[in-house]
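Source file: work.txt. Holds: compact mmCIF, C-alpha atoms.
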# COMPACT_ATOMS: atom_id res chain seq x y z
CA MET A 1 -4.77 -16.61 30.24
CA SER A 2 -6.12 -16.62 26.73
CA LYS A 3 -4.46 -19.31 24.71
CA PRO A 4 -1.28 -18.08 23.05
CA ILE A 5 -1.33 -17.88 19.29
CA HIS A 6 1.61 -19.57 17.66
CA SER A 7 2.19 -17.50 14.60
CA ASN A 8 4.18 -19.10 11.88
CA TYR A 9 6.67 -16.81 10.12
CA LEU A 10 7.01 -18.96 7.02
CA PRO A 11 3.83 -17.91 5.12
CA TYR A 12 4.89 -14.24 5.41
CA LEU A 13 8.36 -15.00 4.05
CA LEU A 14 6.91 -17.00 1.16
CA VAL A 15 4.45 -14.23 0.28
CA TRP A 16 7.25 -11.66 0.41
CA PHE A 17 9.31 -13.80 -1.97
CA ALA A 18 6.35 -14.14 -4.34
CA LEU A 19 5.84 -10.36 -4.23
CA ILE A 20 9.48 -9.74 -5.13
CA VAL A 21 9.30 -12.24 -8.01
CA LEU A 22 6.08 -10.64 -9.30
CA THR A 23 7.73 -7.20 -9.15
CA GLY A 24 10.57 -8.60 -11.25
CA ILE A 25 8.08 -10.02 -13.73
CA THR A 26 6.09 -6.81 -14.05
CA VAL A 27 9.26 -4.73 -14.60
CA THR A 28 10.51 -7.20 -17.23
CA PHE A 29 7.15 -7.33 -19.00
CA ALA A 30 6.93 -3.53 -19.06
CA GLY A 31 9.97 -3.54 -21.36
CA ILE A 32 8.11 -5.69 -23.90
CA ASN A 33 5.34 -4.13 -25.92
CA PHE A 34 2.13 -6.15 -25.90
CA GLY A 35 0.18 -3.29 -27.42
CA LYS A 36 -3.10 -2.77 -25.63
CA TYR A 37 -2.44 -5.75 -23.37
CA THR A 38 0.52 -4.03 -21.67
CA VAL A 39 -1.70 -2.13 -19.21
CA LEU A 40 -3.83 -5.21 -18.65
CA THR A 41 -0.79 -7.38 -17.83
CA ALA A 42 0.53 -4.77 -15.37
CA LEU A 43 -2.87 -4.47 -13.67
CA VAL A 44 -3.37 -8.24 -13.45
CA ILE A 45 0.06 -8.66 -11.81
CA ALA A 46 -0.66 -5.74 -9.43
CA SER A 47 -4.00 -7.36 -8.52
CA ILE A 48 -2.30 -10.68 -7.74
CA LYS A 49 0.18 -8.82 -5.52
CA ALA A 50 -2.65 -6.93 -3.78
CA TYR A 51 -4.50 -10.21 -3.23
CA LEU A 52 -1.42 -11.76 -1.60
CA VAL A 53 -0.97 -8.78 0.73
CA LEU A 54 -4.69 -8.77 1.56
CA SER A 55 -5.04 -12.47 2.27
CA ILE A 56 -1.75 -13.19 4.08
CA PHE A 57 -0.16 -9.96 5.38
CA MET A 58 -3.54 -8.52 6.37
CA ASN A 59 -4.73 -11.93 7.59
CA ILE A 60 -8.04 -11.85 5.77
CA LYS A 61 -7.83 -15.60 5.35
CA ARG A 62 -8.05 -16.00 9.13
CA GLU A 63 -10.83 -13.44 9.64
CA ASP A 64 -14.55 -14.02 9.89
CA LYS A 65 -16.60 -14.28 6.70
CA VAL A 66 -18.14 -10.84 7.27
CA PHE A 67 -14.74 -9.20 6.60
CA LYS A 68 -14.57 -10.83 3.18
CA ILE A 69 -18.12 -9.77 2.36
CA PHE A 70 -17.34 -6.16 3.34
CA ILE A 71 -14.19 -6.09 1.21
CA GLY A 72 -16.14 -7.58 -1.68
CA ILE A 73 -18.83 -4.90 -1.37
CA SER A 74 -16.32 -2.03 -1.22
CA LEU A 75 -14.47 -3.36 -4.27
CA LEU A 76 -17.78 -3.83 -6.07
CA PHE A 77 -18.62 -0.16 -5.56
CA LEU A 78 -15.21 0.87 -6.84
CA ILE A 79 -15.73 -1.28 -9.93
CA ILE A 80 -19.21 0.24 -10.43
CA SER A 81 -17.62 3.73 -10.33
CA PHE A 82 -15.10 2.73 -12.99
CA ALA A 83 -17.74 1.04 -15.15
CA LEU A 84 -20.11 4.02 -15.02
CA LEU A 85 -17.29 6.46 -15.68
CA PHE A 86 -16.08 4.58 -18.73
CA SER A 87 -19.61 4.10 -20.01
CA ASP A 88 -19.44 7.88 -20.43
CA TYR A 89 -15.90 8.28 -21.72
CA SER A 90 -15.38 5.35 -24.04
CA PHE A 91 -17.92 6.84 -26.46
CA VAL A 92 -16.35 10.29 -26.60
CA MET B 93 -3.18 -13.43 36.25
CA SER B 94 -6.17 -14.96 38.07
CA SER B 95 -9.26 -15.82 36.07
CA THR B 96 -11.29 -13.07 37.80
CA GLU B 97 -8.77 -10.43 36.90
CA GLU B 98 -8.71 -11.81 33.38
CA THR B 99 -12.49 -11.46 33.07
CA ILE B 100 -12.45 -7.85 34.28
CA HIS B 101 -9.51 -7.01 32.09
CA HIS B 102 -11.16 -8.41 28.99
CA ALA B 103 -14.72 -7.34 29.79
CA HIS B 104 -14.69 -4.37 27.44
CA ARG B 105 -12.45 -5.72 24.74
CA ASP B 106 -13.56 -6.89 21.33
CA ASP B 107 -10.53 -7.44 19.15
CA GLU B 108 -12.52 -8.54 16.14
CA GLY B 109 -14.69 -5.43 16.48
CA SER B 110 -11.55 -3.28 16.67
CA ARG B 111 -10.16 -4.83 13.53
CA MET B 112 -13.50 -4.36 11.78
CA GLY B 113 -13.41 -0.69 12.78
CA MET B 114 -9.97 -0.39 11.22
CA TRP B 115 -11.19 -2.09 8.06
CA LEU B 116 -14.14 0.31 7.79
CA PHE B 117 -11.63 3.16 7.93
CA LEU B 118 -9.52 1.47 5.28
CA PHE B 119 -12.56 1.35 2.98
CA THR B 120 -12.79 5.13 3.15
CA GLU B 121 -9.10 5.24 2.21
CA LEU B 122 -9.87 2.96 -0.71
CA LEU B 123 -12.46 5.44 -1.96
CA LEU B 124 -10.10 8.39 -1.40
CA PHE B 125 -7.42 6.82 -3.57
CA GLY B 126 -10.06 5.18 -5.79
CA GLY B 127 -11.28 8.62 -6.82
CA MET B 128 -7.76 9.55 -7.85
CA PHE B 129 -7.31 6.34 -9.79
CA LEU B 130 -10.60 7.18 -11.55
CA ALA B 131 -9.23 10.59 -12.54
CA TYR B 132 -5.97 8.98 -13.65
CA SER B 133 -7.73 6.37 -15.79
CA VAL B 134 -9.87 8.89 -17.63
CA TYR B 135 -7.02 11.31 -18.32
CA ARG B 136 -4.75 8.50 -19.41
CA TYR B 137 -7.50 7.21 -21.71
CA MET B 138 -7.82 10.67 -23.26
CA HIS B 139 -4.06 11.38 -23.52
CA GLN B 140 -2.45 7.99 -24.02
CA ALA B 141 0.55 9.03 -26.11
CA GLU B 142 1.34 12.05 -23.94
CA PHE B 143 1.22 9.96 -20.76
CA HIS B 144 3.77 7.59 -22.29
CA ILE B 145 6.10 10.46 -23.19
CA ALA B 146 5.74 12.10 -19.77
CA ALA B 147 6.40 8.80 -17.96
CA LYS B 148 9.82 8.63 -19.62
CA GLU B 149 10.92 11.33 -17.16
CA LEU B 150 10.40 8.96 -14.22
CA SER B 151 13.17 6.61 -13.16
CA THR B 152 12.03 2.98 -13.40
CA LEU B 153 15.03 1.97 -11.31
CA MET B 154 14.05 4.31 -8.48
CA GLY B 155 10.43 3.17 -8.67
CA THR B 156 11.45 -0.50 -8.57
CA LEU B 157 13.78 0.12 -5.64
CA ASN B 158 11.01 1.86 -3.71
CA THR B 159 8.63 -0.99 -4.53
CA LEU B 160 11.09 -3.53 -3.11
CA ILE B 161 11.63 -1.35 -0.02
CA LEU B 162 7.91 -1.00 0.67
CA LEU B 163 7.17 -4.70 0.08
CA THR B 164 9.96 -5.65 2.48
CA SER B 165 8.69 -3.17 5.08
CA SER B 166 5.30 -4.87 4.85
CA LEU B 167 7.01 -8.18 5.54
CA THR B 168 8.84 -6.84 8.61
CA MET B 169 5.55 -5.36 9.90
CA ALA B 170 3.71 -8.68 9.48
CA LEU B 171 6.61 -10.48 11.17
CA ALA B 172 6.62 -7.93 14.03
CA ILE B 173 2.99 -8.80 14.79
CA ALA B 174 3.69 -12.54 14.54
CA ALA B 175 6.71 -12.15 16.84
CA LEU B 176 4.63 -10.35 19.46
CA GLN B 177 1.92 -13.02 19.23
CA ASN B 178 4.67 -15.55 19.93
CA ASN B 179 5.61 -13.49 22.99
CA LYS B 180 8.96 -12.35 21.54
CA LYS B 181 8.87 -8.71 22.53
CA VAL B 182 12.45 -7.76 21.66
CA LEU B 183 12.26 -9.40 18.25
CA SER B 184 8.98 -7.59 17.60
CA LEU B 185 10.53 -4.26 18.56
CA ILE B 186 13.50 -4.87 16.27
CA LEU B 187 11.14 -5.71 13.40
CA GLN B 188 9.00 -2.63 14.06
CA GLY B 189 12.18 -0.55 14.03
CA THR B 190 13.25 -2.18 10.75
CA THR B 191 9.86 -1.27 9.25
CA LEU B 192 10.47 2.35 10.27
CA VAL B 193 13.94 2.33 8.71
CA PHE B 194 12.53 1.01 5.41
CA ALA B 195 9.77 3.65 5.51
CA LEU B 196 12.35 6.37 6.04
CA TRP B 197 14.48 4.97 3.20
CA PHE B 198 11.42 5.08 0.94
CA LEU B 199 10.86 8.75 1.79
CA ILE B 200 14.53 9.64 1.27
CA ASN B 201 14.37 8.11 -2.22
CA LYS B 202 11.18 10.06 -2.87
CA TYR B 203 12.95 13.23 -1.76
CA PHE B 204 15.76 12.66 -4.26
CA GLU B 205 13.26 11.82 -6.97
CA TRP B 206 11.22 14.96 -6.39
CA SER B 207 14.34 17.15 -6.13
CA ALA B 208 15.56 15.86 -9.49
CA LYS B 209 12.17 16.67 -11.04
CA TYR B 210 12.30 20.10 -9.44
CA HIS B 211 15.72 20.81 -10.97
CA HIS B 212 14.41 19.80 -14.38
CA GLY B 213 11.58 22.27 -13.93
CA LEU B 214 8.99 19.52 -13.73
CA PHE B 215 6.79 20.71 -10.92
CA PRO B 216 3.28 22.21 -10.87
CA GLY B 217 3.30 25.75 -12.20
CA ALA B 218 6.87 25.60 -13.57
CA ASP B 219 7.48 27.31 -16.93
CA VAL B 220 9.16 24.24 -18.42
CA LEU B 221 6.19 22.06 -17.53
CA MET B 222 3.60 24.60 -18.65
CA GLU B 223 5.09 24.62 -22.15
CA LYS B 224 4.43 20.91 -22.50
CA SER B 225 1.23 19.42 -23.89
CA PRO B 226 -1.94 19.25 -21.72
CA GLY B 227 -1.62 15.47 -21.32
CA GLN B 228 1.91 15.77 -19.94
CA ILE B 229 0.86 18.53 -17.53
CA LEU B 230 -1.97 16.29 -16.33
CA PHE B 231 0.41 13.35 -15.91
CA PHE B 232 2.72 15.34 -13.65
CA GLY B 233 -0.23 16.82 -11.75
CA LEU B 234 -1.54 13.34 -11.03
CA TYR B 235 1.97 12.09 -10.26
CA TYR B 236 2.53 14.73 -7.59
CA VAL B 237 -0.93 14.47 -6.04
CA MET B 238 -1.08 10.67 -5.97
CA THR B 239 2.49 9.89 -4.89
CA GLY B 240 2.35 12.94 -2.58
CA LEU B 241 -0.78 11.71 -0.83
CA HIS B 242 0.77 8.25 -0.67
CA GLY B 243 3.95 9.76 0.81
CA LEU B 244 1.81 11.53 3.41
CA HIS B 245 0.35 8.14 4.30
CA VAL B 246 3.86 6.75 4.69
CA ILE B 247 4.68 9.57 7.13
CA ILE B 248 1.44 8.99 9.10
CA GLY B 249 2.15 5.25 9.07
CA MET B 250 5.60 5.92 10.53
CA LEU B 251 4.09 8.00 13.33
CA ILE B 252 1.54 5.28 14.11
CA ILE B 253 4.17 2.51 14.12
CA SER B 254 6.46 4.63 16.33
CA TYR B 255 3.61 5.08 18.80
CA MET B 256 2.93 1.34 18.76
CA SER B 257 6.63 0.62 19.35
CA LEU B 258 6.47 2.85 22.39
CA GLY B 259 3.42 0.92 23.59
CA THR B 260 5.22 -2.38 22.99
CA ALA B 261 8.26 -1.18 24.93
CA LYS B 262 6.05 -0.07 27.83
CA ASN B 263 4.19 -3.41 27.80
CA LYS B 264 0.91 -1.75 26.87
CA ILE B 265 0.86 -3.80 23.68
CA THR B 266 1.61 -7.40 24.57
CA ALA B 267 1.25 -10.96 23.37
CA ASP B 268 -2.14 -10.91 25.10
CA ASN B 269 -3.27 -7.54 23.81
CA HIS B 270 -1.89 -6.75 20.39
CA VAL B 271 -4.89 -5.53 18.42
CA ARG B 272 -3.53 -1.98 18.18
CA LEU B 273 -0.32 -3.21 16.59
CA GLU B 274 -2.45 -5.27 14.20
CA ALA B 275 -4.46 -2.17 13.27
CA ALA B 276 -1.22 -0.28 12.59
CA GLY B 277 -0.15 -3.22 10.44
CA LEU B 278 -3.39 -3.11 8.45
CA TYR B 279 -2.82 0.58 7.75
CA TRP B 280 0.75 -0.08 6.67
CA HIS B 281 -0.26 -2.91 4.33
CA LEU B 282 -2.91 -0.69 2.74
CA VAL B 283 -0.22 1.90 2.02
CA ASP B 284 1.74 -0.94 0.43
CA ILE B 285 -1.22 -2.06 -1.71
CA ILE B 286 -1.76 1.49 -2.99
CA TRP B 287 1.90 1.67 -4.02
CA ILE B 288 1.56 -1.72 -5.76
CA PHE B 289 -0.91 -0.01 -8.13
CA LEU B 290 0.83 3.37 -8.33
CA PHE B 291 4.12 1.79 -9.39
CA PRO B 292 3.07 0.20 -12.73
CA LEU B 293 0.70 3.08 -13.55
CA PHE B 294 3.37 5.77 -13.25
CA TYR B 295 6.76 4.13 -13.64
CA LEU B 296 6.13 1.32 -16.10
CA ILE B 297 4.18 2.94 -18.93
CA SER B 298 6.98 4.48 -20.97
Output the file's structure as structure tokens, nothing else.
Amino acid sequence: MSKPIHSNYLPYLLVWFALIVLTGITVTFAGINFGKYTVLTALVIASIKAYLVLSIFMNIKREDKVFKIFIGISLLFLIISFALLFSDYSFV
Amino acid sequence: MSSTEETIHHAHRDDEGSRMGMWLFLFTELLLFGGMFLAYSVYRYMHQAEFHIAAKELSTLMGTLNTLILLTSSLTMALAIAALQNNKKVLSLILQGTTLVFALWFLINKYFEWSAKYHHGLFPGADVLMEKSPGQILFFGLYYVMTGLHGLHVIIGMLIISYMSLGTAKNKITADNHVRLEAAGLYWHLVDIIWIFLFPLFYLIS
């Protein structure tokens, strides 16, 4: 038999709690006007939430290094698309 | 299981390769939704004030509720995999079922949300919507396409999880062989991540 994995439930529960708290924070912050920083705050909080889901729920922390490199590359290309797009539009 | 049987059984299995295959698929999903987020960002940049006005029509409460539902369904899915890895089949099945219930709840809320919009004449091609400014029309167009495509992913996710539950019940997915359930989990978490970005961009900008 392959050795049984003993999966701990606690990290998942902690991440879930953090996600709920972050949702609360982002909803509260949305009510306050930070001017141009409002979108930035919302996106930063969403990115933290996405990172938590990616690393713990999707177990990227436990995966081989190549998974992290692939995710990095795909995100890089998405960022390049955004950067190139806005290099066009921010001067309109 | 004898060691010989074990060798034969595992001869053509590469769990890490299977997960990598799933991830490669998820990258294509990232680009699919990424393209829509690109369109959203440009149109919002060009029609900032109108996007803010249009977003007032969306219910922040409903959006928040659906966010909490989806986040919790991601938890139950992650726990279902952990439970199966710990050889707790019944617990895993219960958690998979809970995930499905949350997914269904999410869709029911979406149904009520869309029906309310429909009754207010806020749907593509409606006269009420067409009289609004271009930015507001674009906002609702993006809203329906992006949350619609996301909703479609929720439905597909439900079908995949149901299939995996069947496999778990029939002992085809076990503590020893759970990579398919993991792949379903990865898909479900991606759907969750997409919603994590959709939520502030549509519901929290008014």
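Here the question is which of A:Phe34, A:Phe29, A:Phe57, A:Tyr51 gets nearest to chain B using all atoms listed in the file, and that residue is A:Phe57.
Those residues of chain A that fall within 6 Å of chain B when using only C-alpha atoms read Ile5, His6, Ser7, Ala30, Ala46, Ala50, Phe57 and Met58 of chain A.
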Checklist outcome for this item: From CA of Lys180 in chain B to CA of Leu196 in chain B the spacing works out at 24.5 Å
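One finds CA of Leu241 in chain B at 16.9 Å from CA of Phe204 in chain B.
Going from CA of Leu85 in chain A over to CA of Gly227 in chain B, you cover 18.9 Å.
Of the residues under consideration (A:Ile45, A:Val53, A:Ile73, A:Leu40), A:Ile45 shows the shortest atom-to-atom contact distance to Gly24 in chain A when counting all atoms listed in the file.
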Excluding Ile56 in chain A and residues on its chain fewer than 6 positions from it, collect all residues at most 9 Å away from it, counting all atoms listed in the file, and give them as a short mmCIF file (atom, residue, chain, number, x, y, z; two decimals) with C-alpha atoms, keeping the file's coordinate frame.
data_model
loop_
_atom_site.label_atom_id
_atom_site.label_comp_id
_atom_site.auth_asym_id
_atom_site.auth_seq_id
_atom_site.Cartn_x
_atom_site.Cartn_y
_atom_site.Cartn_z
CA PRO A 11 3.83 -17.91 5.12
CA TYR A 12 4.89 -14.24 5.41
CA VAL A 15 4.45 -14.23 0.28
CA ARG A 62 -8.05 -16.00 9.13
CA ALA B 170 3.71 -8.68 9.48
#
Item to check | For Leu244 in chain B: contacts at 12 Å, all atoms listed in the file, fewer than 5 positions along chain excluded, given as a PyMOL selection string | outcome: chain B and resi 195+198-199+202+236-239+249-251+283
Checklist entry - So which residues are close to (6.6, -2.4, 17.9), meaning at most 7 Å away in the file's coordinates with only C-alpha atoms counted, and can you show them as a PyMOL selection string? => result chain B and resi 172+184-185+188+253+256-258+260
Let me have the centre and edge lengths in Å, one decimal, of the box along x, y and z around every listed atom of range 43-59 of chain A with 8 Å of margin on each side, as JSON.
{"center_x": -2.4, "center_y": -8.8, "center_z": -3.0, "size_x": 21.2, "size_y": 24.7, "size_z": 37.3}
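Of the listed residues B:Gly259, B:Gly113, B:Pro216, B:Pro226, the one whose atoms come nearest to Gln140 in chain B is B:Pro226, with distances taken using only C-alpha atoms.
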Rebuild all heavy atoms on range 32-43 of chain A, as a JSON list (two decimals), in the frame of the given file?
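See part.json below for the written result:
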[["chain", "number", "residue", "atom", "x", "y", "z"],
["A", 32, "ILE", "N", 8.60, -5.08, -22.67],
["A", 32, "ILE", "CA", 8.11, -5.69, -23.90],
["A", 32, "ILE", "C", 6.78, -5.04, -24.26],
["A", 32, "ILE", "O", 5.95, -4.78, -23.39],
["A", 32, "ILE", "CB", 7.89, -7.21, -23.71],
["A", 32, "ILE", "CG1", 9.13, -7.85, -23.06],
["A", 32, "ILE", "CG2", 7.59, -7.88, -25.03],
["A", 32, "ILE", "CD1", 8.86, -9.20, -22.46],
["A", 33, "ASN", "N", 6.58, -4.78, -25.53],
["A", 33, "ASN", "CA", 5.34, -4.13, -25.92],
["A", 33, "ASN", "C", 4.29, -5.15, -26.35],
["A", 33, "ASN", "O", 4.44, -5.83, -27.35],
["A", 33, "ASN", "CB", 5.63, -3.14, -27.06],
["A", 33, "ASN", "CG", 4.45, -2.23, -27.31],
["A", 33, "ASN", "OD1", 3.48, -2.25, -26.55],
["A", 33, "ASN", "ND2", 4.53, -1.43, -28.35],
["A", 34, "PHE", "N", 3.23, -5.25, -25.55],
["A", 34, "PHE", "CA", 2.13, -6.15, -25.90],
["A", 34, "PHE", "C", 0.97, -5.37, -26.50],
["A", 34, "PHE", "O", -0.16, -5.84, -26.50],
["A", 34, "PHE", "CB", 1.62, -6.88, -24.65],
["A", 34, "PHE", "CG", 2.59, -7.88, -24.11],
["A", 34, "PHE", "CD1", 3.10, -7.75, -22.83],
["A", 34, "PHE", "CD2", 2.99, -8.96, -24.88],
["A", 34, "PHE", "CE1", 3.99, -8.69, -22.32],
["A", 34, "PHE", "CE2", 3.87, -9.89, -24.38],
["A", 34, "PHE", "CZ", 4.38, -9.75, -23.10],
["A", 35, "GLY", "N", 1.25, -4.12, -26.90],
["A", 35, "GLY", "CA", 0.18, -3.29, -27.42],
["A", 35, "GLY", "C", -0.81, -2.96, -26.32],
["A", 35, "GLY", "O", -0.40, -2.57, -25.23],
["A", 36, "LYS", "N", -2.08, -3.17, -26.62],
["A", 36, "LYS", "CA", -3.10, -2.77, -25.63],
["A", 36, "LYS", "C", -3.14, -3.70, -24.43],
["A", 36, "LYS", "O", -3.81, -3.41, -23.44],
["A", 36, "LYS", "CB", -4.47, -2.69, -26.29],
["A", 36, "LYS", "CG", -4.97, -3.99, -26.88],
["A", 36, "LYS", "CD", -6.36, -3.80, -27.46],
["A", 36, "LYS", "CE", -6.87, -5.10, -28.10],
["A", 36, "LYS", "NZ", -8.24, -4.97, -28.58],
["A", 37, "TYR", "N", -2.44, -4.83, -24.50],
["A", 37, "TYR", "CA", -2.44, -5.75, -23.37],
["A", 37, "TYR", "C", -1.40, -5.38, -22.30],
["A", 37, "TYR", "O", -1.36, -5.99, -21.25],
["A", 37, "TYR", "CB", -2.23, -7.19, -23.84],
["A", 37, "TYR", "CG", -3.37, -7.68, -24.70],
["A", 37, "TYR", "CD1", -3.19, -7.92, -26.05],
["A", 37, "TYR", "CD2", -4.64, -7.87, -24.15],
["A", 37, "TYR", "CE1", -4.25, -8.33, -26.85],
["A", 37, "TYR", "CE2", -5.70, -8.28, -24.94],
["A", 37, "TYR", "CZ", -5.49, -8.52, -26.30],
["A", 37, "TYR", "OH", -6.54, -8.91, -27.06],
["A", 38, "THR", "N", -0.53, -4.40, -22.62],
["A", 38, "THR", "CA", 0.52, -4.03, -21.67],
["A", 38, "THR", "C", -0.07, -3.55, -20.35],
["A", 38, "THR", "O", 0.35, -4.00, -19.28],
["A", 38, "THR", "CB", 1.41, -2.92, -22.28],
["A", 38, "THR", "OG1", 1.70, -3.27, -23.63],
["A", 38, "THR", "CG2", 2.71, -2.77, -21.52],
["A", 39, "VAL", "N", -1.06, -2.65, -20.42],
["A", 39, "VAL", "CA", -1.70, -2.13, -19.21],
["A", 39, "VAL", "C", -2.39, -3.27, -18.47],
["A", 39, "VAL", "O", -2.29, -3.39, -17.25],
["A", 39, "VAL", "CB", -2.75, -1.04, -19.54],
["A", 39, "VAL", "CG1", -3.17, -0.33, -18.26],
["A", 39, "VAL", "CG2", -2.23, -0.08, -20.56],
["A", 40, "LEU", "N", -3.08, -4.10, -19.25],
["A", 40, "LEU", "CA", -3.83, -5.21, -18.65],
["A", 40, "LEU", "C", -2.90, -6.14, -17.88],
["A", 40, "LEU", "O", -3.18, -6.51, -16.73],
["A", 40, "LEU", "CB", -4.57, -5.98, -19.76],
["A", 40, "LEU", "CG", -5.63, -6.96, -19.27],
["A", 40, "LEU", "CD1", -6.80, -6.19, -18.67],
["A", 40, "LEU", "CD2", -6.10, -7.86, -20.40],
["A", 41, "THR", "N", -1.76, -6.50, -18.50],
["A", 41, "THR", "CA", -0.79, -7.38, -17.83],
["A", 41, "THR", "C", -0.33, -6.76, -16.52],
["A", 41, "THR", "O", -0.32, -7.41, -15.48],
["A", 41, "THR", "CB", 0.46, -7.60, -18.73],
["A", 41, "THR", "OG1", 0.04, -7.68, -20.08],
["A", 41, "THR", "CG2", 1.21, -8.85, -18.34],
["A", 42, "ALA", "N", 0.04, -5.46, -16.58],
["A", 42, "ALA", "CA", 0.53, -4.77, -15.37],
["A", 42, "ALA", "C", -0.53, -4.78, -14.27],
["A", 42, "ALA", "O", -0.23, -5.03, -13.10],
["A", 42, "ALA", "CB", 0.93, -3.34, -15.71],
["A", 43, "LEU", "N", -1.80, -4.53, -14.67],
["A", 43, "LEU", "CA", -2.87, -4.47, -13.67],
["A", 43, "LEU", "C", -3.19, -5.85, -13.10],
["A", 43, "LEU", "O", -3.49, -5.97, -11.91],
["A", 43, "LEU", "CB", -4.13, -3.84, -14.28],
["A", 43, "LEU", "CG", -4.07, -2.33, -14.46],
["A", 43, "LEU", "CD1", -5.34, -1.80, -15.09],
["A", 43, "LEU", "CD2", -3.80, -1.61, -13.14]]
